[in-house]
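Participant: File target33.txt follows (compact mmCIF, C-alpha atoms):
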# COMPACT_ATOMS: atom_id res chain seq x y z
CA MET J 635 0.00 0.00 0.00
CA LYS J 636 1.36 3.39 -1.01
CA PRO J 637 1.84 5.68 2.03
CA SER J 638 -0.27 8.80 2.32
CA LEU J 639 1.83 11.98 2.35
CA SER J 640 0.97 15.51 3.38
CA ALA J 641 -0.34 18.01 0.86
CA ARG J 642 2.53 20.39 1.62
CA VAL J 643 5.09 17.84 0.40
CA GLY J 644 3.30 17.71 -2.93
CA ARG J 645 3.61 21.48 -3.33
CA ILE J 646 7.39 21.48 -3.54
CA LYS J 647 10.20 19.84 -5.48
CA PRO J 648 13.67 18.82 -4.30
CA SER J 649 16.35 21.52 -4.50
CA PRO J 650 17.49 21.72 -8.15
CA THR J 651 21.02 22.74 -7.20
CA LEU J 652 21.41 19.74 -4.91
CA ALA J 653 19.90 17.52 -7.59
CA VAL J 654 22.47 18.72 -10.16
CA THR J 655 25.29 18.10 -7.69
CA ALA J 656 24.00 14.60 -6.95
CA ARG J 657 23.74 13.80 -10.67
CA ALA J 658 27.31 15.01 -11.26
CA GLN J 659 28.56 12.84 -8.39
CA GLU J 660 26.69 9.84 -9.79
CA LEU J 661 28.36 10.28 -13.18
CA ARG J 662 31.77 10.59 -11.54
CA ARG J 663 31.18 7.26 -9.78
CA GLU J 664 30.52 5.80 -13.23
CA GLY J 665 33.95 7.02 -14.31
CA ARG J 666 32.90 10.21 -16.13
CA ASP J 667 35.16 13.25 -15.71
CA VAL J 668 32.38 15.69 -14.83
CA ILE J 669 33.21 19.28 -13.86
CA GLY J 670 30.67 20.50 -11.32
CA LEU J 671 29.71 24.14 -11.74
CA GLY J 672 26.36 23.59 -10.05
CA ALA J 673 26.89 23.83 -6.30
CA GLY J 674 27.65 27.10 -4.54
CA GLU J 675 30.52 25.73 -2.48
CA PRO J 676 33.94 27.44 -2.32
CA ASP J 677 36.91 25.26 -3.20
CA PHE J 678 39.02 26.85 -0.45
CA ASP J 679 39.58 24.91 2.74
CA THR J 680 38.17 26.34 5.95
CA PRO J 681 40.92 28.64 7.33
CA ASP J 682 43.26 27.00 9.84
CA HIS J 683 42.44 29.26 12.80
CA ILE J 684 38.78 28.33 12.46
CA LYS J 685 39.51 24.61 12.32
CA ALA J 686 41.83 24.99 15.31
CA ALA J 687 39.00 26.53 17.35
CA ALA J 688 36.81 23.52 16.60
CA ILE J 689 39.58 21.07 17.53
CA GLU J 690 40.17 22.90 20.79
CA ALA J 691 36.44 22.75 21.54
CA ILE J 692 36.53 18.98 21.12
CA HIS J 693 39.57 18.64 23.37
CA GLN J 694 37.82 20.74 26.01
CA GLY J 695 34.75 18.53 25.87
CA PHE J 696 32.50 21.20 24.39
CA THR J 697 30.22 18.54 22.95
CA LYS J 698 26.94 18.97 24.85
CA TYR J 699 23.71 20.80 24.20
CA THR J 700 23.89 24.59 24.15
CA ALA J 701 21.15 27.19 24.42
CA VAL J 702 18.64 26.77 21.59
CA ASP J 703 19.58 30.15 20.09
CA GLY J 704 23.34 29.58 20.33
CA ILE J 705 26.08 30.25 22.86
CA ILE J 706 26.12 33.76 24.27
CA GLU J 707 29.71 34.39 23.11
CA LEU J 708 28.72 33.74 19.49
CA ARG J 709 25.59 35.87 19.69
CA GLU J 710 27.65 38.70 21.18
CA ALA J 711 30.17 38.36 18.35
CA ILE J 712 27.35 38.47 15.79
CA SER J 713 25.95 41.55 17.54
CA ASP J 714 29.39 43.18 17.22
CA LYS J 715 29.55 42.17 13.55
CA PHE J 716 26.20 43.81 12.77
CA ARG J 717 27.32 46.99 14.55
CA ARG J 718 30.75 47.03 12.90
CA ASP J 719 29.79 46.11 9.35
CA ASN J 720 26.21 47.30 8.98
CA GLU J 721 25.58 49.98 11.63
CA ILE J 722 22.71 47.85 12.95
CA GLU J 723 22.11 47.41 16.69
CA TYR J 724 20.91 43.95 17.64
CA ALA J 725 21.21 42.83 21.25
CA PRO J 726 22.23 39.18 21.79
CA ASP J 727 18.61 38.25 22.58
CA GLN J 728 17.67 39.59 19.14
CA ILE J 729 19.91 37.04 17.43
CA LEU J 730 19.17 33.41 16.63
CA VAL J 731 21.92 31.03 15.52
CA SER J 732 20.61 28.21 13.33
CA VAL J 733 21.73 25.25 11.27
CA GLY J 734 22.72 27.38 8.28
CA GLY J 735 21.14 30.45 6.72
CA LYS J 736 18.51 28.25 5.07
CA HIS J 737 17.37 27.14 8.52
CA SER J 738 17.17 30.76 9.70
CA LEU J 739 14.93 31.59 6.75
CA TYR J 740 12.79 28.50 7.29
CA ASN J 741 12.30 29.44 10.95
CA LEU J 742 11.21 32.92 9.89
CA PHE J 743 8.71 31.72 7.29
CA GLU J 744 7.18 29.30 9.79
CA ALA J 745 7.04 31.96 12.50
CA VAL J 746 5.35 34.81 10.62
CA LEU J 747 3.27 33.31 7.78
CA ASN J 748 -0.31 32.03 7.85
CA PRO J 749 -2.45 30.31 5.20
CA GLY J 750 -3.40 32.85 2.54
CA ASP J 751 -0.50 35.19 3.22
CA GLU J 752 1.53 36.27 0.21
CA VAL J 753 5.32 36.50 -0.06
CA ILE J 754 6.79 38.78 -2.71
CA ILE J 755 9.89 37.22 -4.26
CA PRO J 756 11.82 38.96 -7.05
CA ALA J 757 13.00 36.66 -9.85
CA PRO J 758 15.64 35.44 -10.47
CA TYR J 759 15.48 34.07 -6.93
CA TRP J 760 17.32 31.56 -4.78
CA VAL J 761 15.56 28.25 -5.35
CA SER J 762 14.35 27.73 -1.78
CA TYR J 763 12.38 30.95 -1.22
CA PRO J 764 9.17 29.88 -3.01
CA ALA J 765 9.33 26.38 -1.53
CA MET J 766 9.63 27.77 2.00
CA ALA J 767 6.59 29.97 1.42
CA LEU J 768 4.59 26.97 0.23
CA LEU J 769 5.70 24.87 3.21
CA ALA J 770 4.36 27.62 5.47
CA ASP J 771 0.99 27.45 3.62
CA ALA J 772 1.59 30.88 2.09
CA GLU J 773 1.62 31.87 -1.57
CA PRO J 774 4.79 33.02 -3.34
CA VAL J 775 4.22 36.02 -5.60
CA ILE J 776 6.99 36.07 -8.20
CA VAL J 777 7.91 39.43 -9.73
CA SER J 778 10.28 39.26 -12.68
CA ALA J 779 13.33 41.52 -12.64
CA GLY J 780 15.17 40.60 -15.82
CA SER J 781 18.56 41.41 -17.25
CA ASP J 782 17.17 44.56 -18.93
CA GLN J 783 16.92 46.06 -15.42
CA GLY J 784 20.11 44.55 -14.09
CA PHE J 785 18.23 41.74 -12.33
CA LYS J 786 17.00 44.24 -9.71
CA LEU J 787 13.40 44.94 -8.69
CA ARG J 788 12.10 48.43 -9.42
CA PRO J 789 10.07 50.35 -6.83
CA GLU J 790 7.03 50.54 -9.09
CA GLN J 791 7.07 46.75 -9.49
CA LEU J 792 7.10 46.31 -5.72
CA ALA J 793 4.26 48.79 -5.32
CA SER J 794 2.16 46.97 -7.91
CA ALA J 795 2.77 43.57 -6.30
CA ILE J 796 1.70 44.51 -2.77
CA GLU J 797 -1.85 43.42 -1.92
CA ASP J 798 -3.90 43.16 1.25
CA GLN J 799 -2.61 39.60 1.67
CA THR J 800 1.07 40.55 1.37
CA ARG J 801 2.94 39.67 4.55
CA LEU J 802 6.61 39.34 3.59
CA PHE J 803 9.02 40.80 1.05
CA VAL J 804 12.22 38.85 0.34
CA LEU J 805 15.38 40.66 -0.73
CA ASN J 806 18.69 38.96 -1.58
CA SER J 807 21.73 41.15 -2.22
CA PRO J 808 24.23 40.25 -3.60
CA SER J 809 21.98 37.82 -5.40
CA ASN J 810 22.17 34.11 -5.87
CA PRO J 811 22.00 33.39 -8.85
CA THR J 812 22.82 36.66 -10.63
CA GLY J 813 25.48 38.39 -8.51
CA ALA J 814 23.49 41.63 -8.73
CA ALA J 815 23.61 43.90 -5.67
CA TYR J 816 21.36 46.80 -4.73
CA THR J 817 22.95 50.18 -4.12
CA ARG J 818 21.96 52.30 -1.15
CA PRO J 819 19.78 54.64 -3.28
CA GLU J 820 18.03 51.61 -4.78
CA LEU J 821 17.30 50.21 -1.32
CA GLU J 822 16.05 53.61 -0.15
CA ALA J 823 13.64 53.70 -3.11
CA LEU J 824 12.24 50.27 -2.19
CA ALA J 825 11.94 51.36 1.43
CA GLU J 826 9.89 54.37 0.35
CA VAL J 827 7.30 51.98 -1.09
CA LEU J 828 7.32 49.71 1.96
CA ARG J 829 6.69 52.59 4.36
CA GLU J 830 3.20 52.84 2.88
CA HIS J 831 2.42 49.24 3.88
CA PRO J 832 3.08 48.74 7.61
CA ARG J 833 1.82 45.15 7.65
CA VAL J 834 4.59 43.95 5.31
CA LEU J 835 7.71 42.48 6.88
CA ILE J 836 11.07 42.58 5.11
CA VAL J 837 13.68 39.83 5.17
CA THR J 838 17.06 40.60 3.69
CA ASP J 839 19.34 37.68 2.84
CA ASP J 840 22.90 39.04 3.08
CA MET J 841 24.71 35.69 2.86
CA TYR J 842 27.14 36.96 0.21
CA GLU J 843 27.80 40.31 1.88
CA HIS J 844 31.60 39.88 1.97
CA ILE J 845 31.93 38.22 -1.44
CA TYR J 846 31.50 41.57 -3.07
CA TRP J 847 33.36 43.95 -5.38
CA GLY J 848 30.72 46.51 -6.36
CA SER J 849 31.68 50.08 -7.18
CA GLU J 850 29.84 51.29 -4.07
CA PRO J 851 30.20 49.89 -0.51
CA PHE J 852 27.88 47.01 0.35
CA CYS J 853 24.67 48.23 2.00
CA SER J 854 22.23 46.07 3.94
CA PHE J 855 18.56 46.99 3.69
CA LEU J 856 18.25 48.13 7.30
CA THR J 857 21.36 50.28 6.96
CA ALA J 858 19.57 52.19 4.21
CA ALA J 859 16.19 52.27 6.01
CA PRO J 860 16.79 52.26 9.80
CA ASP J 861 13.23 53.47 10.47
CA LEU J 862 11.96 50.04 9.30
CA TYR J 863 13.85 48.33 12.14
CA GLU J 864 10.73 46.78 13.72
CA ARG J 865 9.75 45.18 10.41
CA THR J 866 13.10 43.91 9.13
CA ILE J 867 14.88 40.60 9.71
CA THR J 868 18.51 40.30 8.55
CA ILE J 869 19.85 36.86 7.59
CA ASN J 870 23.52 35.99 7.27
CA GLY J 871 25.96 33.18 8.04
CA VAL J 872 29.48 31.82 7.82
CA SER J 873 29.05 29.21 5.08
CA LYS J 874 30.13 31.14 2.00
CA VAL J 875 32.46 33.86 3.20
CA TYR J 876 34.62 31.60 5.40
CA SER J 877 34.25 28.47 3.23
CA MET J 878 32.32 26.70 6.00
CA THR J 879 29.41 25.22 4.06
CA GLY J 880 29.49 21.89 5.88
CA TRP J 881 29.70 23.45 9.34
CA ARG J 882 26.07 24.64 8.97
CA ILE J 883 25.93 27.90 10.92
CA GLY J 884 23.63 30.74 9.90
CA TYR J 885 22.03 33.47 11.93
CA ALA J 886 19.23 36.00 12.01
CA GLY J 887 18.90 39.38 13.66
CA GLY J 888 15.57 41.11 14.09
CA PRO J 889 12.86 42.43 16.37
CA ALA J 890 12.85 40.59 19.70
CA ALA J 891 9.30 39.24 19.33
CA ILE J 892 9.98 37.74 15.90
CA ILE J 893 13.30 36.23 16.98
CA ALA J 894 11.57 34.73 20.03
CA ALA J 895 8.98 33.13 17.76
CA MET J 896 11.72 31.75 15.51
CA ARG J 897 13.53 30.42 18.59
CA LYS J 898 10.34 28.60 19.61
CA ILE J 899 10.11 26.99 16.16
CA GLN J 900 13.74 25.91 16.36
CA SER J 901 13.32 24.53 19.87
CA GLN J 902 10.82 22.01 18.50
CA SER J 903 12.81 21.06 15.40
CA THR J 904 16.60 20.97 15.69
CA SER J 905 17.20 22.56 19.10
CA ASN J 906 20.66 24.15 19.12
CA PRO J 907 23.05 24.09 16.16
CA CYS J 908 26.21 21.99 16.52
CA ALA J 909 28.19 23.08 19.57
CA ILE J 910 31.58 22.55 17.92
CA ALA J 911 30.53 24.43 14.78
CA GLN J 912 29.43 27.34 16.97
CA LYS J 913 32.93 27.60 18.42
CA ALA J 914 34.35 27.55 14.89
CA ALA J 915 31.92 30.29 13.83
CA LEU J 916 32.95 32.38 16.83
CA ALA J 917 36.58 32.18 15.70
CA ALA J 918 35.55 33.06 12.14
CA ILE J 919 33.48 36.13 12.99
CA SER J 920 35.69 37.54 15.74
CA GLY J 921 39.10 36.53 14.34
CA ASP J 922 41.48 37.77 11.66
CA GLN J 923 39.58 38.62 8.47
CA THR J 924 42.57 38.40 6.11
CA CYS J 925 41.25 35.11 4.76
CA VAL J 926 38.05 36.86 3.67
CA THR J 927 39.98 39.42 1.64
CA GLU J 928 42.14 36.77 0.00
CA MET J 929 39.21 34.59 -1.02
CA ASN J 930 37.26 37.60 -2.28
CA GLU J 931 40.15 38.65 -4.50
CA ALA J 932 40.27 35.16 -6.00
CA PHE J 933 36.52 35.14 -6.64
CA LYS J 934 36.71 38.53 -8.36
CA GLN J 935 39.50 37.29 -10.64
CA ARG J 936 37.49 34.19 -11.53
CA HIS J 937 34.40 36.32 -12.12
CA ASP J 938 36.21 38.59 -14.55
CA TYR J 939 37.63 35.63 -16.46
CA LEU J 940 34.40 33.64 -16.70
CA VAL J 941 32.12 36.56 -17.65
CA ALA J 942 34.50 37.61 -20.41
CA GLU J 943 34.75 34.05 -21.75
CA LEU J 944 31.00 33.45 -21.67
CA ASN J 945 30.38 36.65 -23.61
CA GLU J 946 32.67 35.31 -26.35
CA ILE J 947 30.42 32.27 -26.90
CA PRO J 948 27.91 32.93 -29.72
CA GLY J 949 24.38 33.31 -28.36
CA PHE J 950 25.49 33.93 -24.77
CA ARG J 951 25.02 37.25 -23.01
CA CYS J 952 26.33 37.55 -19.45
CA LEU J 953 26.03 40.63 -17.26
CA PRO J 954 28.87 41.20 -14.79
CA GLY J 955 27.97 40.71 -11.14
CA ALA J 956 28.85 42.79 -8.11
CA GLY J 957 29.43 39.79 -5.88
CA THR J 958 28.79 36.08 -5.08
CA PHE J 959 30.49 33.35 -7.09
CA TYR J 960 27.92 32.84 -9.83
CA ALA J 961 27.59 33.83 -13.48
CA PHE J 962 24.09 33.85 -14.95
CA PRO J 963 24.25 34.12 -18.74
CA ASP J 964 21.24 34.52 -21.01
CA ILE J 965 21.46 31.66 -23.51
CA THR J 966 18.36 32.41 -25.61
CA GLY J 967 20.53 33.42 -28.58
CA ALA J 968 22.25 30.05 -28.51
CA LEU J 969 18.97 28.19 -28.16
CA GLU J 970 17.62 29.89 -31.28
CA THR J 971 20.38 28.29 -33.34
CA LEU J 972 20.06 24.86 -31.71
CA PRO J 973 16.66 23.54 -32.88
CA ASP J 974 17.09 20.19 -31.15
CA ILE J 975 17.44 21.85 -27.71
CA SER J 976 14.15 23.42 -26.63
CA GLY J 977 15.03 25.32 -23.44
CA ASP J 978 17.44 25.85 -20.58
CA ILE J 979 16.65 22.52 -18.91
CA PRO J 980 17.44 20.40 -22.01
CA PHE J 981 20.43 22.72 -22.62
CA SER J 982 21.79 21.96 -19.14
CA GLU J 983 21.26 18.23 -19.75
CA PHE J 984 23.10 18.59 -23.06
CA LEU J 985 26.09 20.22 -21.34
CA LEU J 986 26.19 17.48 -18.72
CA GLU J 987 26.10 14.65 -21.25
CA LYS J 988 28.17 16.11 -24.10
CA ALA J 989 30.55 18.52 -22.34
CA GLU J 990 30.59 16.77 -18.95
CA VAL J 991 29.98 20.14 -17.29
CA ALA J 992 27.22 20.43 -14.67
CA VAL J 993 25.31 23.73 -14.52
CA VAL J 994 21.90 24.66 -13.13
CA PRO J 995 19.09 25.68 -15.52
CA GLY J 996 17.75 29.18 -15.02
CA SER J 997 14.18 27.86 -14.76
CA ALA J 998 15.10 26.66 -11.26
CA PHE J 999 15.57 30.31 -10.31
CA GLY J 1000 12.46 31.61 -12.05
CA ALA J 1001 14.43 32.78 -15.09
CA PRO J 1002 13.99 30.48 -18.12
CA GLY J 1003 16.52 30.97 -20.89
CA HIS J 1004 19.48 31.28 -18.52
CA ILE J 1005 21.95 28.96 -16.82
CA ARG J 1006 23.86 29.41 -13.58
CA LEU J 1007 27.55 28.55 -13.44
CA SER J 1008 29.41 28.60 -10.13
CA PHE J 1009 32.98 29.88 -10.22
CA ALA J 1010 33.69 28.66 -6.69
CA CYS J 1011 36.35 26.43 -8.26
CA GLY J 1012 39.86 27.16 -9.50
CA GLU J 1013 40.56 29.13 -12.68
CA GLU J 1014 42.20 26.12 -14.33
CA THR J 1015 38.97 24.17 -13.83
CA LEU J 1016 36.99 27.06 -15.29
CA GLU J 1017 39.26 27.17 -18.35
CA THR J 1018 38.69 23.46 -18.94
CA ALA J 1019 34.93 23.83 -18.46
CA VAL J 1020 34.68 26.74 -20.91
CA GLY J 1021 36.71 24.81 -23.47
CA ARG J 1022 34.40 21.81 -23.16
CA ILE J 1023 31.29 23.97 -23.48
CA ARG J 1024 32.67 25.61 -26.64
CA SER J 1025 33.54 22.25 -28.17
CA ALA J 1026 30.15 20.71 -27.38
CA LEU J 1027 28.28 23.68 -28.84
CA GLN J 1028 30.42 23.67 -31.99
CA GLY J 1029 29.73 19.96 -32.35
CA ALA J 1030 26.00 20.70 -32.10
CA GLY J 1031 26.24 23.28 -34.90
CA LEU J 1032 26.65 26.54 -33.01
CA ALA J 1033 29.09 28.73 -34.94
CA ALA J 1034 32.39 29.50 -33.18
Starting from the file, give its structure as structure tokens.

Facilitator:
Amino acid sequence: MKPSLSARVGRIKPSPTLAVTARAQELRREGRDVIGLGAGEPDFDTPDHIKAAAIEAIHQGFTKYTAVDGIIELREAISDKFRRDNEIEYAPDQILVSVGGKHSLYNLFEAVLNPGDEVIIPAPYWVSYPAMALLADAEPVIVSAGSDQGFKLRPEQLASAIEDQTRLFVLNSPSNPTGAAYTRPELEALAEVLREHPRVLIVTDDMYEHIYWGSEPFCSFLTAAPDLYERTITINGVSKVYSMTGWRIGYAGGPAAIIAAMRKIQSQSTSNPCAIAQKAALAAISGDQTCVTEMNEAFKQRHDYLVAELNEIPGFRCLPGAGTFYAFPDITGALETLPDISGDIPFSEFLLEKAEVAVVPGSAFGAPGHIRLSFACGEETLETAVGRIRSALQGAGLAA
């Protein structure tokens, strides 16, 4: 007898990025030399001083439960980080440490959304935002912000999307998958719209804050609109910037009542995040930041190389990003000359089979006709991947 599953499970699909990574790993086990440009995982090792802090925690027996919301030393360090980097004042009891930034966002969606609520999500979007809204019995409202507007939502689009049912607005800057980042004036313009709708909460996903090379300093939403303090939740973490993806530490800062509700959700799901990983995160956030600068310089160099190379491929058009480690080219020109490949999903399958390069189709991010390539790998690997893509496309009839 087939088991009966909940309706909410039927509303969502598995993460496309994780699915691409799993498929690439499966092909490698079969002996295929697949280059994985799907997952957003830096190739750098976690810096030594961070690993040393975790090892010391083990030696000291720091292996028991902690407070649900994280150890006080880590929450104090995060409070200092918000003050130092973003000019935002969050007391330690306004901070929740979770099992990655994804967990922080999930806690928020569960804590503030009710059936019938709407969540405004600009597209291209990170794949999990709409799924999290659906899991909370809310409705994602997708608003397209295409390459013609630099992949950034315009104030008039936000104003048109807000309805009586709107409860949450999701902002991700710098953006996964596009690398686009909002400037302070652009954030101020969005804030001007949101001031007219006091029921709407704002969540800003700043996970790639320090993987950034924009012409203007990075600006978090609340830094640009401090008067919206009681309606804004700021999400961040250590996974990307310190190459700590597997350590699973993210955090949220926000109004005390919302953080308390998120803490209650977490207390009945995971309880505290890993004690040892918390000690490592403490060393990362409060320690020497030279490693951040060095990794960021490498990502910028890879970005410049890959964007230039992609724009040399016929039918590709790739805007430069201001941060992250993703390129998000428009491939519609290429698709027009490849009649046997009908969209970005078959195109991604073609690259995996013929070029042995794994990418993520743009449809997964609400942007058909694009693909996402991660340059969180070395430049030599990128050179090989680009060469394979060129060869496969030439073999399929795309002019060089």

Participant: Would you mind telling me which residue in J:Ile669, J:Val731, J:Ala890, J:Val761 lies nearest to Ile646 in chain J when using all atoms listed in the file?

Facilitator: J:Val761

Participant: In Å, rounded to a single decimal, give me how far CA of Ser732 in chain J is from CA of Asp771 in chain J.

Facilitator: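 Going from CA of Asp771 in chain J over to CA of Ser732 in chain J covers 21.9 Å.
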
Participant: Just give me the residues with any atom within 6 Å of (33.9, 22.6, 9.3), file coordinates, counting all atoms listed in the file, written as a PyMOL selection string.

Facilitator: chain J and resi 878+880-881

Participant: Which is closest to Asp677 in chain J among J:Gly1031, J:Gly955, J:Gly1021, J:Gly1012, if we use all atoms listed in the file?

Facilitator: J:Gly1012

Participant: In Å to one decimal, how far is CA of Asp974 in chain J from CA of Leu1016 in chain J?

Facilitator: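 The value is 26.4 Å.
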
Participant: Determine, counting all atoms listed in the file, which protein, DNA and RNA residues have an atom within 8 Å of an atom of Ala1010 in chain J; residues of the same chain fewer than 3 positions away are not included. Present the result as a PyMOL selection string.

Facilitator: chain J and resi 671+674-677+933+959-960

Participant: Give the answer as one residue: which of J:Thr812, J:Gln923, J:Asn720, J:Gln935 has the shortest atom-to-atom distance to Ser781 in chain J, using all atoms listed in the file?

Facilitator: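 Nearest to Ser781 in chain J: J:Thr812.
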
Participant: CA of Asp703 in chain J and CA of Ile729 in chain J are how many Å apart?

Facilitator: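 Rounded to one decimal, the two atoms are 7.4 Å apart.
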
Participant: If we count all atoms listed in the file, what is near Ala653 in chain J at a cut-off of 10 Å, once residues fewer than 6 positions away on the same chain are taken out, given as a ChimeraX atom specification?

Facilitator: /J:659,672-673,994

Participant: Just checking: using all atoms listed in the file, which residue out of J:Ala914, J:Ala956, J:Leu769, J:Ile689 ends up closest to Gly784 in chain J?

Facilitator: J:Ala956

Participant: Neighbouring residues of Ile965 in chain J were defined as those with any atom within 6 Å, considering only C-alpha atoms; residues of the same chain fewer than 3 positions away were excluded. Please report them as a list of chain:residue names.

Facilitator: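 My list of contacting residues is J:Gly949, J:Phe950, J:Ala968, J:Gly1003, J:His1004.
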
Participant: Nearest to Gln799 in chain J among J:Arg666, J:Arg818, J:His831, J:Lys913, with distances taken over only C-alpha atoms: which residue is it?

Facilitator: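 When distances to Gln799 in chain J are compared using only C-alpha atoms, the smallest one comes from J:His831.
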
Participant: Taking all atoms of range 859-878 of chain J that the file lists, what box with edges along x, y and z, padded by 6 Å per side, do you get, with centre and edge lengths in Å to one decimal, as JSON?

Facilitator:
{"center_x": 22.2, "center_y": 40.1, "center_z": 7.9, "size_x": 36.9, "size_y": 38.8, "size_z": 23.7}

Participant: Residues within 8 Å of range 722-725 of chain J, please, as a list in words. Count all atoms listed in the file; anything in the same chain fewer than 2 positions from it doesn't count.

Facilitator: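 Once the nearby chain positions are removed, what remains is Glu710, Ser713, Phe716, Arg717, Asn720, Asp727, Gln728, Ile729, Leu856, Thr857, Gly887 and Gly888 of chain J.
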
Participant: Quick one: of J:Arg645, J:His693, J:Lys685, J:Lys898, who's nearest to Ala765 in chain J, counting only C-alpha atoms?

Facilitator: J:Arg645

Participant: Write out as a JSON list (two decimals) with C-alpha atoms, keeping the file's coordinate frame each polymer residue whose atoms come within 7 Å of range 936-943 of chain J, counting only C-alpha atoms; drop sequence neighbours fewer than 6 positions from it.

Facilitator:
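Full text of out36.json as output:
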[["chain", "number", "residue", "atom", "x", "y", "z"],
["J", 952, "CYS", "CA", 26.33, 37.55, -19.45],
["J", 954, "PRO", "CA", 28.87, 41.20, -14.79],
["J", 961, "ALA", "CA", 27.59, 33.83, -13.48],
["J", 1009, "PHE", "CA", 32.98, 29.88, -10.22],
["J", 1013, "GLU", "CA", 40.56, 29.13, -12.68]]

Participant: Do you have, as a Markdown table, the list of residues of range 748-784 of chain J lying at most 10 Å from range 738-744 of chain J, each with its nearest atom pair and that distance in Å to one decimal, counting all atoms listed in the file and ordered by chain then number?

Facilitator:
| residue | atom | partner | partner_atom | distance |
| --- | --- | --- | --- | --- |
| J:Asn748 | CA | J:Glu744 | CA | 8.2 |
| J:Val753 | CA | J:Phe743 | CA | 9.4 |
| J:Ser762 | CA | J:Tyr740 | CA | 9.2 |
| J:Tyr763 | CA | J:Leu739 | CA | 8.4 |
| J:Ala765 | CA | J:Tyr740 | CA | 9.7 |
| J:Met766 | CA | J:Tyr740 | CA | 6.2 |
| J:Ala767 | CA | J:Phe743 | CA | 6.5 |
| J:Leu768 | CA | J:Phe743 | CA | 9.5 |
| J:Leu769 | CA | J:Glu744 | CA | 8.1 |
| J:Ala770 | CA | J:Glu744 | CA | 5.4 |
| J:Asp771 | CA | J:Glu744 | CA | 8.9 |
| J:Ala772 | CA | J:Phe743 | CA | 8.9 |
